[in-house]
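This is protein_22.cif. It holds mmCIF, C-alpha atoms.
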data_work
loop_
_atom_site.label_atom_id
_atom_site.label_comp_id
_atom_site.auth_asym_id
_atom_site.auth_seq_id
_atom_site.Cartn_x
_atom_site.Cartn_y
_atom_site.Cartn_z
CA MET M 1316 71.76 97.40 -170.20
CA LYS M 1317 69.15 99.56 -171.93
CA ASN M 1318 71.24 99.96 -175.07
CA ARG M 1319 72.06 96.25 -174.99
CA SER M 1320 68.39 95.33 -174.83
CA THR M 1321 67.67 97.62 -177.74
CA ALA M 1322 70.38 95.94 -179.81
CA LEU M 1323 68.99 92.50 -179.03
CA SER M 1324 65.44 93.48 -179.93
CA PHE M 1325 66.72 94.98 -183.19
CA LEU M 1326 67.76 91.49 -184.23
CA VAL M 1327 64.08 90.63 -184.47
CA ALA M 1328 63.76 92.73 -187.59
CA LEU M 1329 67.09 92.87 -189.34
CA LEU M 1330 70.23 90.90 -190.02
CA VAL M 1331 73.28 92.58 -191.51
CA VAL M 1332 75.16 90.32 -193.89
CA ALA M 1333 78.52 91.13 -195.48
CA CYS M 1334 79.57 89.03 -198.47
CA SER M 1335 83.12 89.22 -199.78
CA THR M 1336 85.13 87.71 -202.58
CA GLY M 1337 88.52 88.25 -200.94
CA THR M 1338 90.54 88.79 -204.14
CA ALA M 1339 93.92 90.52 -203.69
CA VAL M 1340 94.67 93.38 -206.11
CA SER M 1341 97.28 96.10 -206.42
CA GLN M 1342 96.56 99.55 -205.01
CA ASP M 1343 96.20 101.19 -208.44
CA VAL M 1344 93.44 98.79 -209.54
CA PRO M 1345 89.86 99.76 -208.65
CA VAL M 1346 88.36 97.39 -206.10
CA GLN M 1347 84.81 96.19 -206.58
CA ARG M 1348 83.13 95.88 -203.21
CA ASN M 1349 79.93 93.99 -202.68
CA PRO M 1350 77.11 96.11 -201.26
CA LEU M 1351 75.92 95.80 -197.68
CA VAL M 1352 72.90 93.51 -197.56
CA VAL M 1353 70.18 93.95 -194.94
CA ARG M 1354 67.69 91.11 -194.65
CA GLU M 1355 64.46 91.07 -192.67
CA SER M 1356 63.52 88.00 -190.66
CA ASN M 1357 60.49 86.17 -191.99
CA HIS M 1358 59.69 84.31 -188.78
CA VAL M 1359 60.34 85.13 -185.13
CA THR M 1360 59.24 83.28 -182.00
CA THR M 1361 60.31 82.35 -178.47
CA THR M 1362 60.79 78.69 -177.59
CA GLN M 1363 60.06 76.71 -174.48
CA ALA M 1364 63.08 75.61 -172.45
CA PHE M 1365 65.43 73.67 -174.73
CA ARG M 1366 65.87 70.98 -172.07
CA ASP M 1367 62.10 70.30 -172.11
CA MET M 1368 61.74 69.96 -175.90
CA ILE M 1369 61.06 66.63 -177.56
CA PRO M 1370 64.18 65.87 -179.64
CA GLU M 1371 63.71 66.41 -183.36
CA PRO M 1372 65.41 64.01 -185.80
CA TRP M 1373 67.83 65.57 -188.26
CA HIS M 1374 66.46 65.86 -191.80
CA ASN M 1375 69.66 66.01 -193.88
CA VAL M 1376 69.48 63.76 -196.94
CA SER M 1377 73.17 62.89 -196.65
CA ARG M 1378 75.75 62.69 -193.87
CA VAL M 1379 78.44 63.89 -196.29
CA MET M 1380 78.31 67.67 -196.56
CA ILE M 1381 79.03 69.11 -199.98
CA GLU M 1382 81.78 71.64 -200.54
CA HIS M 1383 81.25 74.81 -202.51
CA ASP M 1384 83.71 76.53 -204.82
CA ARG M 1385 83.49 79.64 -206.94
CA ALA M 1386 84.84 78.37 -210.25
CA PRO M 1387 86.99 79.23 -212.05
CA PHE M 1388 88.92 80.95 -209.24
CA PRO M 1389 91.46 78.56 -207.68
CA HIS M 1390 91.95 78.33 -203.91
CA ILE M 1391 95.70 77.75 -204.19
CA SER M 1392 98.30 80.04 -205.73
CA ASN M 1393 101.97 79.41 -206.45
CA GLN M 1394 102.80 82.93 -205.29
CA PRO M 1395 104.52 83.33 -201.88
CA ASP M 1396 102.22 84.28 -199.02
CA SER M 1397 103.23 87.82 -198.03
CA VAL M 1398 101.94 87.45 -194.46
CA LEU M 1399 103.35 83.98 -193.77
CA GLN M 1400 105.09 83.82 -190.40
CA THR M 1401 108.62 82.45 -190.76
CA GLU M 1402 110.00 83.21 -187.28
CA VAL M 1403 110.05 80.24 -184.89
CA LEU M 1404 109.06 81.34 -181.38
CA PRO M 1405 109.20 79.42 -178.09
CA LEU M 1406 106.12 77.47 -177.10
CA VAL M 1407 103.71 79.11 -174.67
CA ASN M 1408 103.38 77.33 -171.34
CA THR M 1409 99.82 76.49 -170.35
CA THR M 1410 98.13 74.70 -167.49
CA THR M 1411 95.27 72.35 -168.27
CA LEU M 1412 92.48 73.23 -165.86
CA LEU M 1413 89.85 70.89 -167.26
CA ASN M 1414 89.84 68.20 -169.92
CA PHE M 1415 86.72 66.24 -170.89
CA ASP M 1416 85.21 64.48 -173.88
CA GLY M 1417 82.73 66.29 -176.09
CA ILE M 1418 80.22 65.03 -178.65
CA THR M 1419 81.30 61.75 -180.24
CA ASP M 1420 81.05 61.01 -183.93
CA ALA M 1421 78.10 58.70 -183.32
CA GLN M 1422 76.28 61.25 -181.14
CA GLY M 1423 76.80 63.91 -183.78
CA GLY M 1424 75.24 61.79 -186.50
CA GLY M 1425 78.49 60.84 -188.24
CA PHE M 1426 78.54 63.89 -190.52
CA VAL M 1427 81.56 64.72 -192.69
CA PRO M 1428 82.94 67.24 -191.99
CA PRO M 1429 81.70 67.51 -188.38
CA ASP M 1430 82.15 71.33 -188.18
CA THR M 1431 83.02 71.20 -184.48
CA ASN M 1432 82.51 74.44 -182.60
CA SER M 1433 82.26 75.48 -178.95
CA ALA M 1434 82.07 78.49 -176.65
CA VAL M 1435 82.53 79.09 -172.92
CA GLY M 1436 79.91 80.98 -170.93
CA ALA M 1437 79.59 82.11 -167.33
CA THR M 1438 78.89 78.63 -165.94
CA GLN M 1439 78.50 76.42 -169.00
CA VAL M 1440 80.31 75.18 -172.10
CA VAL M 1441 78.28 74.63 -175.29
CA GLU M 1442 79.47 72.46 -178.16
CA THR M 1443 77.87 72.16 -181.60
CA VAL M 1444 78.69 69.81 -184.45
CA ASN M 1445 76.85 68.82 -187.63
CA VAL M 1446 74.12 68.59 -186.44
CA ALA M 1447 74.14 68.10 -182.64
CA TYR M 1448 74.13 70.34 -179.55
CA ALA M 1449 75.35 69.60 -176.02
CA VAL M 1450 75.90 71.57 -172.79
CA TYR M 1451 78.54 70.91 -170.12
CA ASP M 1452 79.32 72.29 -166.66
CA LYS M 1453 82.16 74.80 -166.91
CA THR M 1454 83.68 73.81 -163.54
CA THR M 1455 83.44 70.02 -163.59
CA GLY M 1456 82.93 69.14 -167.27
CA ALA M 1457 79.85 67.13 -166.35
CA GLN M 1458 77.27 66.87 -169.12
CA ILE M 1459 74.25 69.05 -168.31
CA MET M 1460 72.37 68.39 -171.55
CA ALA M 1461 73.09 65.29 -173.60
CA PRO M 1462 73.72 65.68 -177.35
CA VAL M 1463 70.48 66.37 -179.21
CA SER M 1464 69.67 67.35 -182.78
CA ILE M 1465 70.17 71.10 -183.07
CA GLN M 1466 67.13 71.16 -185.36
CA THR M 1467 65.08 70.75 -182.16
CA LEU M 1468 65.93 74.32 -181.20
CA TYR M 1469 64.51 75.74 -184.45
CA LYS M 1470 61.45 73.49 -184.77
CA SER M 1471 58.99 76.21 -183.77
CA LEU M 1472 60.16 78.40 -186.68
CA GLY M 1473 58.80 76.03 -189.30
CA GLY M 1474 60.14 76.14 -192.86
CA GLN M 1475 63.69 75.12 -193.72
CA CYS M 1476 64.99 75.78 -190.19
CA ALA M 1477 62.59 73.10 -188.91
CA THR M 1478 62.58 70.56 -191.74
CA GLY M 1479 65.44 71.34 -194.15
CA ASN M 1480 69.06 70.28 -194.41
CA LEU M 1481 71.23 71.92 -191.75
CA SER M 1482 74.94 72.72 -191.70
CA ASP M 1483 77.68 75.00 -190.34
CA PRO M 1484 76.65 75.45 -186.69
CA ILE M 1485 78.20 78.38 -184.84
CA VAL M 1486 77.94 79.04 -181.08
CA ASN M 1487 79.02 82.29 -179.40
CA TYR M 1488 78.60 83.62 -175.87
CA ASP M 1489 77.77 87.30 -175.44
CA LYS M 1490 79.55 88.14 -172.20
CA ALA M 1491 78.10 91.64 -171.91
CA ALA M 1492 74.48 90.51 -172.20
CA GLY M 1493 74.97 87.04 -170.70
CA ARG M 1494 73.34 85.30 -173.66
CA TRP M 1495 74.12 82.49 -176.07
CA VAL M 1496 73.98 83.06 -179.83
CA ILE M 1497 73.49 79.88 -181.87
CA THR M 1498 73.32 79.95 -185.68
CA MET M 1499 72.87 77.41 -188.46
CA ILE M 1500 72.17 77.49 -192.18
CA ALA M 1501 69.22 75.59 -193.65
CA PHE M 1502 68.49 74.67 -197.26
CA ASN M 1503 66.34 72.40 -199.38
CA ASN M 1504 67.75 69.66 -201.61
CA SER M 1505 67.92 71.88 -204.70
CA PHE M 1506 69.22 75.02 -202.93
CA THR M 1507 66.24 77.01 -204.20
CA VAL M 1508 65.21 77.88 -200.62
CA ASN M 1509 67.97 78.91 -198.19
CA ASN M 1510 67.83 80.39 -194.71
CA THR M 1511 70.01 81.45 -191.82
CA CYS M 1512 68.60 80.27 -188.48
CA VAL M 1513 69.50 82.32 -185.40
CA ALA M 1514 68.78 81.58 -181.73
CA VAL M 1515 69.51 84.01 -178.87
CA SER M 1516 69.03 82.71 -175.34
CA THR M 1517 66.90 84.72 -172.91
CA THR M 1518 69.36 84.05 -170.07
CA SER M 1519 72.87 82.64 -169.60
CA ASP M 1520 71.40 79.12 -169.36
CA ALA M 1521 72.00 77.33 -172.66
CA THR M 1522 69.32 74.75 -171.77
CA GLY M 1523 66.63 77.41 -171.25
CA THR M 1524 64.41 79.44 -173.56
CA PHE M 1525 65.56 81.11 -176.76
CA HIS M 1526 64.37 83.81 -179.14
CA VAL M 1527 64.66 82.23 -182.59
CA TYR M 1528 64.75 83.92 -185.99
CA SER M 1529 64.71 82.80 -189.63
CA PHE M 1530 66.35 84.98 -192.28
CA PRO M 1531 65.61 84.08 -195.93
CA PHE M 1532 68.37 84.16 -198.55
CA GLY M 1533 66.24 83.10 -201.50
CA THR M 1534 68.21 81.01 -203.98
CA LYS M 1535 71.60 81.97 -202.48
CA LEU M 1536 73.17 79.55 -200.03
CA PRO M 1537 74.64 81.53 -197.06
CA ASP M 1538 77.56 79.16 -196.74
CA TYR M 1539 80.40 79.24 -194.18
CA PRO M 1540 78.76 81.80 -191.85
CA LYS M 1541 80.77 83.57 -189.16
CA VAL M 1542 79.22 85.51 -186.28
CA GLY M 1543 80.54 88.65 -184.60
CA VAL M 1544 79.28 89.76 -181.19
CA TRP M 1545 79.46 93.55 -180.91
CA PRO M 1546 78.01 96.03 -178.39
CA ASP M 1547 75.41 97.35 -180.85
CA ALA M 1548 74.37 94.17 -182.71
CA TYR M 1549 75.26 90.66 -183.85
CA TYR M 1550 76.85 90.54 -187.29
CA ILE M 1551 76.97 87.57 -189.66
CA THR M 1552 79.19 87.20 -192.71
CA THR M 1553 78.62 84.48 -195.32
CA ASN M 1554 79.95 83.19 -198.62
CA SER M 1555 76.70 83.38 -200.57
CA PHE M 1556 76.44 81.06 -203.56
CA PRO M 1557 73.59 81.38 -206.09
CA GLY M 1558 71.84 78.05 -206.51
CA GLY M 1559 74.21 76.37 -204.08
CA GLY M 1560 77.30 77.34 -206.10
CA VAL M 1561 79.72 74.89 -207.69
CA GLN M 1562 79.44 71.75 -205.61
CA ARG M 1563 81.73 68.83 -205.09
CA ARG M 1564 81.33 65.98 -202.65
CA ARG M 1565 84.05 64.60 -200.40
#
Please render this file's structure as structure tokens.
Amino acid sequence: MKNRSTALSFLVALLVVACSTGTAVSQDVPVQRNPLVVRESNHVTTTQAFRDMIPEPWHNVSRVMIEHDRAPFPHISNQPDSVLQTEVLPLVNTTTLLNFDGITDAQGGGFVPPDTNSAVGATQVVETVNVAYAVYDKTTGAQIMAPVSIQTLYKSLGGQCATGNLSDPIVNYDKAAGRWVITMIAFNNSFTVNNTCVAVSTTSDATGTFHVYSFPFGTKLPDYPKVGVWPDAYYITTNSFPGGGVQRRR
């Protein structure tokens, strides 16, 4: 566990972010690759137990989340998808061990899209949506922690993580370390201040204390983040858009 502890403490200082454009080209055409970006956290602290916090209201100015595009590149092509699966295989038989309701639309604040996400830990199940957080018993499905604004978890950080617009929650469970990794993005109304907010639990209890971190992205919105849990570190990839990118509302 020594190496694991070192990797977790390393998160205090640095966050590795890979940004990609994902454009397909032929092998004889030079590929421009974006450089690896290493960002230092600008605020780090440890919270009290999440279950004991006073719920924080969400601060988003709108319940309808904007979409971001990189004009003029289209998302849809009329070319055949070379990796499309065409073979029809038999269905896989499964046995439902547990089935229970998660966060409702009303409990989640009625955001569009809801960005539903969940992960299973040693004894608990955590679900996040825009912008709520809830914890359930893994064995019975009973609700351990009722849905609460996820902004509550980051309140002690101050800045955008505490008072800005939030979106794109991601929850992962690190089985090796027995810790929860919760991330969100935070931004002001004009996208001139953008942050990634990261919380790593101190134990396997998702209602307990967390180490929380704020990573500044300046005027680039770290949209659509995805988190990878690896033995040496936690890695986050984003689609970073200067000034919020090209926006369109649903």
Under the PyMOL selection byres ((chain M and resi 1478) around 12), which residues of this model are included? Write them out as a PyMOL selection string. chain M and resi 1371-1376+1464-1477+1479-1481+1500-1504+1508-1510+1512
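For the residues M:Leu1404, M:Val1463, M:Ala1364, M:Ala1447, ranking by smallest atom-to-atom distance to Met1499 in chain M using all atoms listed in the file places M:Ala1447 first.
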Could you jot down the CA of Thr1438 in chain M to CA of Ala1457 in chain M separation for me, Å, one decimal place? 11.5 Å
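Considering the residues M:Thr1443, M:Thr1507, M:Ser1397, M:Ser1519 and counting all atoms listed in the file, Gly1424 in chain M has its shortest atom-to-atom contact with M:Thr1443.
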Around all of range 1404-1408 of chain M's listed atoms, make the axis-aligned box with 6 Å on each side and tell me centre and edge lengths in Å to one decimal, as AutoDock Vina command-line options.
--center_x 106.3 --center_y 79.3 --center_z -176.4 --size_x 17.8 --size_y 16.0 --size_z 22.0
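Interatomic distance, CA of Asp1430 in chain M to CA of Asn1408 in chain M: 27.8 Å.
Nearest-residue note for Ser1516 in chain M: choosing from M:Pro1370, M:Thr1401, M:Gln1439, M:Thr1361, the minimum distance belongs to M:Thr1361, counting only C-alpha atoms.
One finds CA of Ile1418 in chain M at 24.0 Å from CA of Gly1493 in chain M.
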Determine the residue set returned by the PyMOL selection byres ((chain M and resi 1451) around 7) for the present structure, and present it as a ChimeraX atom specification. /M:1439-1441,1449-1450,1452-1453,1456-1460
Long-range neighbours of range 1540-1544 of chain M as a ChimeraX atom specification, 9 Å cut-off, all atoms listed in the file, 3 positions minimum in chain: /M:1483-1489,1496,1498-1500,1511,1537,1547-1554
Selected residues written out, C-alpha atoms, as a PDB file, keeping the file's coordinate frame:
ATOM      1  CA  ASP M1483      77.680  75.000-190.340  1.00  0.00           C
ATOM      2  CA  PRO M1484      76.650  75.450-186.690  1.00  0.00           C
ATOM      3  CA  ILE M1485      78.200  78.380-184.840  1.00  0.00           C
ATOM      4  CA  VAL M1486      77.940  79.040-181.080  1.00  0.00           C
ATOM      5  CA  ASN M1487      79.020  82.290-179.400  1.00  0.00           C
ATOM      6  CA  TYR M1488      78.600  83.620-175.870  1.00  0.00           C
ATOM      7  CA  ASP M1489      77.770  87.300-175.440  1.00  0.00           C
ATOM      8  CA  VAL M1496      73.980  83.060-179.830  1.00  0.00           C
ATOM      9  CA  THR M1498      73.320  79.950-185.680  1.00  0.00           C
ATOM     10  CA  MET M1499      72.870  77.410-188.460  1.00  0.00           C
ATOM     11  CA  ILE M1500      72.170  77.490-192.180  1.00  0.00           C
ATOM     12  CA  THR M1511      70.010  81.450-191.820  1.00  0.00           C
ATOM     13  CA  PRO M1537      74.640  81.530-197.060  1.00  0.00           C
ATOM     14  CA  ASP M1547      75.410  97.350-180.850  1.00  0.00           C
ATOM     15  CA  ALA M1548      74.370  94.170-182.710  1.00  0.00           C
ATOM     16  CA  TYR M1549      75.260  90.660-183.850  1.00  0.00           C
ATOM     17  CA  TYR M1550      76.850  90.540-187.290  1.00  0.00           C
ATOM     18  CA  ILE M1551      76.970  87.570-189.660  1.00  0.00           C
ATOM     19  CA  THR M1552      79.190  87.200-192.710  1.00  0.00           C
ATOM     20  CA  THR M1553      78.620  84.480-195.320  1.00  0.00           C
ATOM     21  CA  ASN M1554      79.950  83.190-198.620  1.00  0.00           C
TER      22      ASN M1554
END
Could I see range 1399-1412 of chain M restored to N, CA and C atoms, set down as a PDB file, keeping the file's coordinate frame?
ATOM      1  N   LEU M1399     102.961  85.237-194.404  1.00  0.00           N
ATOM      2  CA  LEU M1399     103.350  83.980-193.770  1.00  0.00           C
ATOM      3  C   LEU M1399     104.384  84.230-192.680  1.00  0.00           C
ATOM      4  N   GLN M1400     104.154  83.664-191.498  1.00  0.00           N
ATOM      5  CA  GLN M1400     105.090  83.820-190.400  1.00  0.00           C
ATOM      6  C   GLN M1400     106.226  82.819-190.561  1.00  0.00           C
ATOM      7  N   THR M1401     107.453  83.308-190.580  1.00  0.00           N
ATOM      8  CA  THR M1401     108.620  82.450-190.760  1.00  0.00           C
ATOM      9  C   THR M1401     109.450  82.334-189.481  1.00  0.00           C
ATOM     10  N   GLU M1402     109.242  83.234-188.527  1.00  0.00           N
ATOM     11  CA  GLU M1402     110.000  83.210-187.280  1.00  0.00           C
ATOM     12  C   GLU M1402     109.490  82.108-186.373  1.00  0.00           C
ATOM     13  N   VAL M1403     110.401  81.318-185.822  1.00  0.00           N
ATOM     14  CA  VAL M1403     110.050  80.240-184.890  1.00  0.00           C
ATOM     15  C   VAL M1403     110.186  80.775-183.466  1.00  0.00           C
ATOM     16  N   LEU M1404     109.087  80.804-182.736  1.00  0.00           N
ATOM     17  CA  LEU M1404     109.060  81.340-181.380  1.00  0.00           C
ATOM     18  C   LEU M1404     108.921  80.218-180.364  1.00  0.00           C
ATOM     19  N   PRO M1405     109.322  80.465-179.117  1.00  0.00           N
ATOM     20  CA  PRO M1405     109.200  79.420-178.090  1.00  0.00           C
ATOM     21  C   PRO M1405     107.728  79.117-177.808  1.00  0.00           C
ATOM     22  N   LEU M1406     107.468  77.879-177.413  1.00  0.00           N
ATOM     23  CA  LEU M1406     106.120  77.470-177.100  1.00  0.00           C
ATOM     24  C   LEU M1406     105.608  78.193-175.854  1.00  0.00           C
ATOM     25  N   VAL M1407     104.329  78.442-175.821  1.00  0.00           N
ATOM     26  CA  VAL M1407     103.710  79.110-174.670  1.00  0.00           C
ATOM     27  C   VAL M1407     103.323  78.053-173.646  1.00  0.00           C
ATOM     28  N   ASN M1408     103.729  78.264-172.405  1.00  0.00           N
ATOM     29  CA  ASN M1408     103.380  77.330-171.340  1.00  0.00           C
ATOM     30  C   ASN M1408     101.932  77.520-170.907  1.00  0.00           C
ATOM     31  N   THR M1409     101.203  76.440-170.804  1.00  0.00           N
ATOM     32  CA  THR M1409      99.820  76.490-170.350  1.00  0.00           C
ATOM     33  C   THR M1409      99.579  75.441-169.281  1.00  0.00           C
ATOM     34  N   THR M1410      98.534  75.662-168.516  1.00  0.00           N
ATOM     35  CA  THR M1410      98.130  74.700-167.490  1.00  0.00           C
ATOM     36  C   THR M1410      96.730  74.215-167.810  1.00  0.00           C
ATOM     37  N   THR M1411      96.576  72.918-167.972  1.00  0.00           N
ATOM     38  CA  THR M1411      95.270  72.350-168.270  1.00  0.00           C
ATOM     39  C   THR M1411      94.418  72.358-167.008  1.00  0.00           C
ATOM     40  N   LEU M1412      93.359  73.146-167.017  1.00  0.00           N
ATOM     41  CA  LEU M1412      92.480  73.230-165.860  1.00  0.00           C
ATOM     42  C   LEU M1412      91.395  72.169-165.907  1.00  0.00           C
TER      43      LEU M1412
END
